[in-house]
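Asker: First, the structure itself, so that you have it in front of you.
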Amino acid sequence: MNKLQAPEGTLLQERLKALTPARLKGMRRGIEKESLRAQPGGGLALTPHPAALGSALTHPSITTDFSESQIELVTGAHQDAEATLKELTQIHQFTYRVMQDLGDEMLWVSSMPCGLPTDETIPIARFGSSNVGRAKSVYRMGLSHRYGRRMQTISGIHYNWSLPEVTSEQYFALIRNFRRHAFLLLYLFGASPAVCSSFVAGRQHELQQLADHTMYMPHGTSLRMGRLGYQSDAQASLAVSYNSLEGYGASLQDALTRPYPAYEAVGIRNPGGDYNQLATTLLQIENEFYGTIRPKRVIFPGERPLHALRERGVEYIEVRLMDLDPFVPVGITAQTMRFLDVFLLHCLLTDSPPDTPAEIAALARNQHRAAARGREPGLLLERDGREVTLAEWGTAVVAECAPIAAALDALHAGAPGGAQYSEALAAASAALREPDTLPSARVLAAMAKDYDNSFVRFARAQSEKAQTILRSLPLAEAQHARFTELTRQSIAEQKQIEASDSMPFEVYRQQYVSAERLGIPGMPDAPDMAGRAALAI
């Protein structure tokens with residue numbers, strides 16, 4: 001798979017040369033970063049989303065994810081990693097200042113959650129009384145019935161990426177290669193090898209006990225992306241192919257319209273009339289489909305994502321497997337972003353044969369092995385029907401990326417740190433040789449050295465460090481004023497939406513989940529990524 005012969009004259013080299021400097025400079029990336037709000041003792045904060053952060057329904061940069069206690073910070077799309085990191089840092093700074101004014105809560109820096117209360121006590125996010133706001137909360141209530149609330153408190157980073165003049169067909173080729181090589185990102189950047197015992201209370205699991213209240217996998221990289229994380233027995237029946245937009249859309253449409261007996265038993269409403277979920281189908285809406293990567297398109301208000309994809313094609317891709325780095329105040333570094341840029345270009349530029357049901361099943365097994373045992377010496381993965389070590393395969397992929405990194409470095413020649421893309425590759429090569437330097441290994445080492453192997457004590461200490469650093473960074477008065485105005489505008493916009501609603505919610509719900517709203521197939525070329533649309537459920 002993706003075998004390259006000589007460094008010169010390869011398919012990758014030819015395709016790389018065909019990428020003009022203007023197109024490479026047109027590459028865009030943006031970040032969506034989730035974090036739980038935690039109490040000083042390491043327990044989940046049960047307070048409402050701070051009103052001074054604005055409306056979670058309409059604020060473009062600060063919202064909530066599944067839980068009222070789970071903040072999501074969203075950047076725009078930027079032309080380099082540094083600009084992305086700068087905006088992400090500024091959003092954090094404003095958020096921390098608001099939180100400081102309200103009390104002593106902090107943002108939890110680990111992907112695996114802090115100490116959790118009973119499942120039913122974890123608060124579901126609230127978005128006001130409008131139809132779209134109610135639908136967002138009902139959708140989350142459906143998730144809680146289907147998967148439990150604990151699973152939804154897992155947090156991570158989504159990396160949104162686009163390149164000009166890439167067609168839907170080419171984006172799907174990228175996605176196929178990404179799924180084949182996703183093990184490498186779990187190995188290099190997985191940072192969740194341990195978890196508080198409260199997370200697995202009453203559940204079957206394969207974890208080992210490390211200390212009181214701490215469970216772990218000795219060679220684990222990302223419990224978040226393993227069997228304990230965003231997994232679903234119901235969705236396991238979905239062998240979604242990424243060979244075309246038409247096929248992908250057909251698979252999603254089936255899951256969005258096919259009743260699922262276990263969810264039919266839950267029902268749309270409970271006997272008291274409150275809503276349990278948006279629909280009784282295998283998926284309530286498109287976002288319920290869990291995957292390491294998604295094809296995306298900015299939607300119009302009220303539009304279904306699948307309709308947008310079918311009508312206007314893939315606009316960007318969303319990488320969904322990145323853990324929060326607990327050693328970094330904002331959860332990700334510019335170097336990690338640069339590696340992702342190179343990696344995604346590699347996925348785009350190398351041959352990408354069609355996937356098959358057998359390969360899809362093998363990739364799922366590879367993901368579980370890399371997440372649970374990625375640092376195990378000699379760990380074997382499946383490739384083309386044979387076994388190969390993770391280290392051997394990963395080293396080959398990183399080596400194939402070298403011309404891409406060199407091209408990006410040349411593009412930025414003269415800028416500070418002009419070889420930064422090649423440096424990101426060199427760091428990945430070193431990590432493949434030295435697993436003890438990986439974030440997942442560093443987490444376990446720090447827990448053992450300073451925190452008596454306690455996950456909560458480690459993550460709490462790192463959260464406090466991040467809080468101190470981000471509070472101490474100066475935030476320009478103009479930036480603070482800008483975020484304050486966004487807060488005011490978002491609250492006003494939510495009120496306007498609520499005032500203009502006239503349709504009964506049940507009519508709104510039925511119309512939104514109807515099969516007619518899913519669109520008809522069509523695959524035009526895709527332009528560049530734009531900002532995230534508001535009002536998506």
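Every chain in the structure tokens has a letter given in the order shown (A, B, ...), and although residue numbers restart at 1 in each chain, ligands are simply numbered from 1 in the order shown.
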Just list as an NGL selection string whatever in range 141-320 of chain A DSSP marks as strand (DSSP E).
Answerer: :A and (157-162 or 194-196 or 208-211 or 214-216 or 293-296 or 316-320)
Asker: Filtering to N, CA and C atoms, could you give me those residues as a short mmCIF file (atom, residue, chain, number, x, y, z; two decimals), in the first residue's frame?
Answerer:
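Here's the written file result-v3.cif:
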data_model
loop_
_atom_site.label_atom_id
_atom_site.label_comp_id
_atom_site.auth_asym_id
_atom_site.auth_seq_id
_atom_site.Cartn_x
_atom_site.Cartn_y
_atom_site.Cartn_z
N ILE A 157 -9.51 17.03 20.31
CA ILE A 157 -9.29 18.13 19.36
C ILE A 157 -9.68 17.64 17.97
N HIS A 158 -10.48 18.45 17.29
CA HIS A 158 -10.81 18.19 15.89
C HIS A 158 -10.02 19.17 15.03
N TYR A 159 -9.38 18.63 14.02
CA TYR A 159 -8.50 19.43 13.15
C TYR A 159 -9.16 19.53 11.78
N ASN A 160 -9.62 20.72 11.44
CA ASN A 160 -10.30 20.95 10.16
C ASN A 160 -9.29 21.44 9.14
N TRP A 161 -9.29 20.81 7.96
CA TRP A 161 -8.20 21.05 7.00
C TRP A 161 -8.75 21.08 5.58
N SER A 162 -8.23 22.02 4.77
CA SER A 162 -8.63 22.08 3.36
C SER A 162 -7.45 22.54 2.51
N ALA A 194 -4.47 6.30 30.65
CA ALA A 194 -5.01 6.01 31.99
C ALA A 194 -6.28 6.82 32.19
N VAL A 195 -7.05 6.40 33.21
CA VAL A 195 -8.34 7.05 33.44
C VAL A 195 -8.75 6.86 34.89
N CYS A 196 -9.58 7.76 35.38
CA CYS A 196 -10.16 7.62 36.71
C CYS A 196 -11.10 6.42 36.72
N GLN A 208 -6.29 -2.43 33.30
CA GLN A 208 -5.66 -2.97 34.51
C GLN A 208 -5.64 -1.89 35.59
N GLN A 209 -5.68 -2.33 36.83
CA GLN A 209 -5.62 -1.35 37.92
C GLN A 209 -4.18 -0.95 38.16
N LEU A 210 -3.95 0.36 38.19
CA LEU A 210 -2.62 0.90 38.43
C LEU A 210 -2.47 1.35 39.87
N ALA A 211 -3.51 1.97 40.42
CA ALA A 211 -3.51 2.46 41.80
C ALA A 211 -4.97 2.63 42.20
N THR A 214 -7.43 4.51 39.81
CA THR A 214 -6.77 4.71 38.52
C THR A 214 -6.66 3.38 37.77
N MET A 215 -7.14 3.37 36.53
CA MET A 215 -7.02 2.21 35.64
C MET A 215 -6.18 2.64 34.43
N TYR A 216 -5.54 1.64 33.79
CA TYR A 216 -4.68 2.00 32.65
C TYR A 216 -4.43 0.80 31.75
N ILE A 293 -12.26 10.40 10.95
CA ILE A 293 -12.18 11.52 10.01
C ILE A 293 -13.53 11.63 9.31
N ARG A 294 -13.93 12.86 8.99
CA ARG A 294 -15.21 13.08 8.31
C ARG A 294 -15.05 14.02 7.12
N PRO A 295 -15.75 13.76 6.02
CA PRO A 295 -15.87 14.78 4.97
C PRO A 295 -16.88 15.82 5.43
N LYS A 296 -16.58 17.10 5.21
CA LYS A 296 -17.43 18.15 5.76
C LYS A 296 -17.73 19.22 4.70
N TYR A 316 -14.04 20.45 3.16
CA TYR A 316 -12.86 20.24 3.99
C TYR A 316 -13.02 18.91 4.71
N ILE A 317 -11.98 18.48 5.38
CA ILE A 317 -12.07 17.26 6.18
C ILE A 317 -11.83 17.60 7.65
N GLU A 318 -12.43 16.78 8.51
CA GLU A 318 -12.34 16.97 9.96
C GLU A 318 -11.64 15.76 10.57
N VAL A 319 -10.43 15.95 11.05
CA VAL A 319 -9.67 14.90 11.74
C VAL A 319 -10.14 14.86 13.19
N ARG A 320 -10.57 13.67 13.66
CA ARG A 320 -11.28 13.59 14.93
C ARG A 320 -10.58 12.73 15.98
#
Asker: Where in range 201-382 of chain A does DSSP assign helix (DSSP H, G or I), given as a ChimeraX atom specification?
Answerer: /A:223-225,235-237,245-257,261-266,286-288,305-312,334-349,357-373
Asker: Those selected residues, please, written with C-alpha atoms and delivered as a PDB file, in the first residue's frame.
Answerer:
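Generated output (out_21.pdb):
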ATOM      1  CA  LEU A 223      -8.033   5.016  25.555  1.00  0.00           C
ATOM      2  CA  ARG A 224     -10.245   7.708  24.029  1.00  0.00           C
ATOM      3  CA  MET A 225      -9.957   6.049  20.610  1.00  0.00           C
ATOM      4  CA  GLN A 235     -22.629   1.445  14.791  1.00  0.00           C
ATOM      5  CA  ALA A 236     -20.299  -1.536  14.487  1.00  0.00           C
ATOM      6  CA  SER A 237     -22.812  -2.884  11.973  1.00  0.00           C
ATOM      7  CA  LEU A 245     -19.497  10.516  -2.064  1.00  0.00           C
ATOM      8  CA  GLU A 246     -22.417   8.589  -3.522  1.00  0.00           C
ATOM      9  CA  GLY A 247     -21.576   5.412  -1.619  1.00  0.00           C
ATOM     10  CA  TYR A 248     -20.805   7.271   1.593  1.00  0.00           C
ATOM     11  CA  GLY A 249     -24.060   9.196   1.306  1.00  0.00           C
ATOM     12  CA  ALA A 250     -26.046   6.020   0.676  1.00  0.00           C
ATOM     13  CA  SER A 251     -24.543   4.371   3.782  1.00  0.00           C
ATOM     14  CA  LEU A 252     -25.370   7.384   5.946  1.00  0.00           C
ATOM     15  CA  GLN A 253     -28.855   7.720   4.483  1.00  0.00           C
ATOM     16  CA  ASP A 254     -29.582   4.095   5.359  1.00  0.00           C
ATOM     17  CA  ALA A 255     -28.428   4.619   8.958  1.00  0.00           C
ATOM     18  CA  LEU A 256     -30.422   7.865   9.217  1.00  0.00           C
ATOM     19  CA  THR A 257     -33.663   6.334   7.961  1.00  0.00           C
ATOM     20  CA  PRO A 261     -35.234  -1.897  17.464  1.00  0.00           C
ATOM     21  CA  ALA A 262     -33.324  -0.968  20.637  1.00  0.00           C
ATOM     22  CA  TYR A 263     -33.899   2.734  19.964  1.00  0.00           C
ATOM     23  CA  GLU A 264     -37.520   2.161  19.013  1.00  0.00           C
ATOM     24  CA  ALA A 265     -37.913   0.674  22.492  1.00  0.00           C
ATOM     25  CA  VAL A 266     -36.601   3.932  23.992  1.00  0.00           C
ATOM     26  CA  GLU A 286     -25.189  12.734  10.777  1.00  0.00           C
ATOM     27  CA  ASN A 287     -22.955  13.891  13.638  1.00  0.00           C
ATOM     28  CA  GLU A 288     -23.792  10.766  15.614  1.00  0.00           C
ATOM     29  CA  PRO A 305     -25.043  18.028   6.561  1.00  0.00           C
ATOM     30  CA  LEU A 306     -25.617  15.131   4.139  1.00  0.00           C
ATOM     31  CA  HIS A 307     -27.744  17.372   1.926  1.00  0.00           C
ATOM     32  CA  ALA A 308     -24.956  19.965   1.877  1.00  0.00           C
ATOM     33  CA  LEU A 309     -22.376  17.339   0.897  1.00  0.00           C
ATOM     34  CA  ARG A 310     -24.545  15.933  -1.875  1.00  0.00           C
ATOM     35  CA  GLU A 311     -25.477  19.332  -3.269  1.00  0.00           C
ATOM     36  CA  ARG A 312     -22.147  21.132  -3.084  1.00  0.00           C
ATOM     37  CA  ALA A 334       2.245  24.203  16.283  1.00  0.00           C
ATOM     38  CA  GLN A 335       4.664  21.352  15.570  1.00  0.00           C
ATOM     39  CA  THR A 336       1.855  18.813  15.868  1.00  0.00           C
ATOM     40  CA  MET A 337      -0.234  20.888  13.452  1.00  0.00           C
ATOM     41  CA  ARG A 338       2.634  20.982  10.974  1.00  0.00           C
ATOM     42  CA  PHE A 339       2.976  17.207  11.150  1.00  0.00           C
ATOM     43  CA  LEU A 340      -0.761  16.882  10.492  1.00  0.00           C
ATOM     44  CA  ASP A 341      -0.437  19.149   7.450  1.00  0.00           C
ATOM     45  CA  VAL A 342       2.343  16.988   6.002  1.00  0.00           C
ATOM     46  CA  PHE A 343       0.532  13.764   6.892  1.00  0.00           C
ATOM     47  CA  LEU A 344      -2.708  14.925   5.241  1.00  0.00           C
ATOM     48  CA  LEU A 345      -0.864  15.982   2.086  1.00  0.00           C
ATOM     49  CA  HIS A 346       0.760  12.536   2.022  1.00  0.00           C
ATOM     50  CA  CYS A 347      -2.701  10.964   2.263  1.00  0.00           C
ATOM     51  CA  LEU A 348      -3.853  13.166  -0.624  1.00  0.00           C
ATOM     52  CA  LEU A 349      -0.874  12.669  -2.939  1.00  0.00           C
ATOM     53  CA  PRO A 357     -15.216  -4.812   3.607  1.00  0.00           C
ATOM     54  CA  ALA A 358     -12.204  -6.933   4.590  1.00  0.00           C
ATOM     55  CA  GLU A 359      -9.918  -3.903   4.758  1.00  0.00           C
ATOM     56  CA  ILE A 360     -12.495  -1.870   6.709  1.00  0.00           C
ATOM     57  CA  ALA A 361     -12.627  -4.645   9.312  1.00  0.00           C
ATOM     58  CA  ALA A 362      -8.817  -4.854   9.453  1.00  0.00           C
ATOM     59  CA  LEU A 363      -8.538  -1.083   9.948  1.00  0.00           C
ATOM     60  CA  ALA A 364     -10.896  -1.294  12.929  1.00  0.00           C
ATOM     61  CA  ARG A 365      -8.673  -3.968  14.461  1.00  0.00           C
ATOM     62  CA  ASN A 366      -5.571  -1.859  13.785  1.00  0.00           C
ATOM     63  CA  GLN A 367      -7.171   1.120  15.508  1.00  0.00           C
ATOM     64  CA  HIS A 368      -7.966  -0.891  18.619  1.00  0.00           C
ATOM     65  CA  ARG A 369      -4.457  -2.387  18.753  1.00  0.00           C
ATOM     66  CA  ALA A 370      -2.738   0.980  18.324  1.00  0.00           C
ATOM     67  CA  ALA A 371      -4.988   2.625  20.935  1.00  0.00           C
ATOM     68  CA  ALA A 372      -4.670  -0.093  23.579  1.00  0.00           C
ATOM     69  CA  ARG A 373      -1.152  -1.438  22.886  1.00  0.00           C
TER      70      ARG A 373
END
Asker: Leaving out Leu228 in chain A and any residue of its chain fewer than 4 positions from it, which residues lie within 10 Å of it when counting only C-alpha atoms, given as a PDB file with N, CA and C atoms, in the first residue's frame?
Answerer:
ATOM      1  N   MET A 151     -19.431   8.303  28.381  1.00  0.00           N
ATOM      2  CA  MET A 151     -18.673   8.258  27.136  1.00  0.00           C
ATOM      3  C   MET A 151     -18.628   9.634  26.475  1.00  0.00           C
ATOM      4  N   ILE A 154     -15.776  12.379  27.225  1.00  0.00           N
ATOM      5  CA  ILE A 154     -14.425  12.305  26.655  1.00  0.00           C
ATOM      6  C   ILE A 154     -14.227  13.515  25.741  1.00  0.00           C
ATOM      7  N   PHE A 199     -14.838   6.318  35.658  1.00  0.00           N
ATOM      8  CA  PHE A 199     -15.271   6.269  34.266  1.00  0.00           C
ATOM      9  C   PHE A 199     -15.753   4.868  33.875  1.00  0.00           C
ATOM     10  N   VAL A 200     -15.158   3.835  34.458  1.00  0.00           N
ATOM     11  CA  VAL A 200     -15.506   2.464  34.056  1.00  0.00           C
ATOM     12  C   VAL A 200     -16.359   1.755  35.103  1.00  0.00           C
ATOM     13  N   ARG A 203     -18.944  -1.053  34.212  1.00  0.00           N
ATOM     14  CA  ARG A 203     -18.789  -1.397  32.795  1.00  0.00           C
ATOM     15  C   ARG A 203     -17.755  -2.499  32.615  1.00  0.00           C
ATOM     16  N   GLN A 204     -17.931  -3.302  31.583  1.00  0.00           N
ATOM     17  CA  GLN A 204     -16.895  -4.268  31.227  1.00  0.00           C
ATOM     18  C   GLN A 204     -15.757  -3.529  30.532  1.00  0.00           C
ATOM     19  N   HIS A 205     -14.531  -3.943  30.839  1.00  0.00           N
ATOM     20  CA  HIS A 205     -13.381  -3.287  30.212  1.00  0.00           C
ATOM     21  C   HIS A 205     -12.171  -4.189  30.296  1.00  0.00           C
ATOM     22  N   GLU A 206     -11.120  -3.810  29.555  1.00  0.00           N
ATOM     23  CA  GLU A 206      -9.885  -4.584  29.528  1.00  0.00           C
ATOM     24  C   GLU A 206      -8.756  -3.899  30.291  1.00  0.00           C
ATOM     25  N   LEU A 207      -9.080  -2.829  31.021  1.00  0.00           N
ATOM     26  CA  LEU A 207      -8.050  -2.067  31.715  1.00  0.00           C
ATOM     27  C   LEU A 207      -7.497  -2.823  32.913  1.00  0.00           C
ATOM     28  N   SER A 222      -4.112   5.764  23.459  1.00  0.00           N
ATOM     29  CA  SER A 222      -5.313   6.600  23.448  1.00  0.00           C
ATOM     30  C   SER A 222      -6.533   5.764  23.822  1.00  0.00           C
ATOM     31  N   LEU A 223      -6.813   5.700  25.132  1.00  0.00           N
ATOM     32  CA  LEU A 223      -8.033   5.016  25.555  1.00  0.00           C
ATOM     33  C   LEU A 223      -9.258   5.688  24.922  1.00  0.00           C
ATOM     34  N   ARG A 224      -9.144   6.966  24.657  1.00  0.00           N
ATOM     35  CA  ARG A 224     -10.245   7.708  24.029  1.00  0.00           C
ATOM     36  C   ARG A 224     -10.632   7.094  22.695  1.00  0.00           C
ATOM     37  N   SER A 232     -19.464   2.004  19.523  1.00  0.00           N
ATOM     38  CA  SER A 232     -20.888   1.691  19.605  1.00  0.00           C
ATOM     39  C   SER A 232     -21.140   0.350  18.953  1.00  0.00           C
ATOM     40  N   HIS A 368      -7.883  -0.422  17.240  1.00  0.00           N
ATOM     41  CA  HIS A 368      -7.966  -0.891  18.619  1.00  0.00           C
ATOM     42  C   HIS A 368      -6.599  -1.322  19.150  1.00  0.00           C
ATOM     43  N   ALA A 372      -4.826   0.630  22.312  1.00  0.00           N
ATOM     44  CA  ALA A 372      -4.670  -0.093  23.579  1.00  0.00           C
ATOM     45  C   ALA A 372      -3.240  -0.567  23.823  1.00  0.00           C
TER      46      ALA A 372
END
Asker: Looking at only C-alpha atoms, which of A:Gln467, A:Asn177, A:Thr487, A:Thr221 is the one that sits closest to Gln100 in chain A?
Answerer: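 When distances to Gln100 in chain A are compared using only C-alpha atoms, the smallest one comes from A:Gln467.
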Asker: Taking 4 positions as the minimum chain separation for residues in the same chain, which residues sit within 6 Å of range 118-134 of chain A when counting only C-alpha atoms? Answer as a ChimeraX atom specification.
Answerer: /A:57,66-68,149,498,505
Asker: List as a list in words the protein and nucleic acid residues near range 329-332 of chain A, meaning an atom at most 6 Å away when only C-alpha atoms are counted, but skip any in the same chain fewer than 4 places from it.
Answerer: Leu324, Asp325 and Ala466 of chain A
Asker: Which of these, A:Ile537, A:Val328, A:Val456, A:Val240, has the shortest distance to Leu44 in chain A once you count only C-alpha atoms?
Answerer: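 Among the listed residues, A:Val456 lies closest to Leu44 in chain A.
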Asker: Figure out the distance between CA of Leu473 in chain A and CA of Arg97 in chain A, please, to one decimal in Å.
Answerer: 10.7 Å
Asker: Return the single residue from A:Leu11, A:Ala476, A:Ala51, A:Leu16 that is closest to Ala406 in chain A, with distances computed using only C-alpha atoms.
Answerer: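 Among the listed residues, the smallest separation from Ala406 in chain A belongs to A:Leu16.
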Asker: Nearest residue to Arg150 in chain A out of A:Ser514, A:Gln70, A:Ser500, A:Gln39, using only C-alpha atoms?
Answerer: A:Gln70
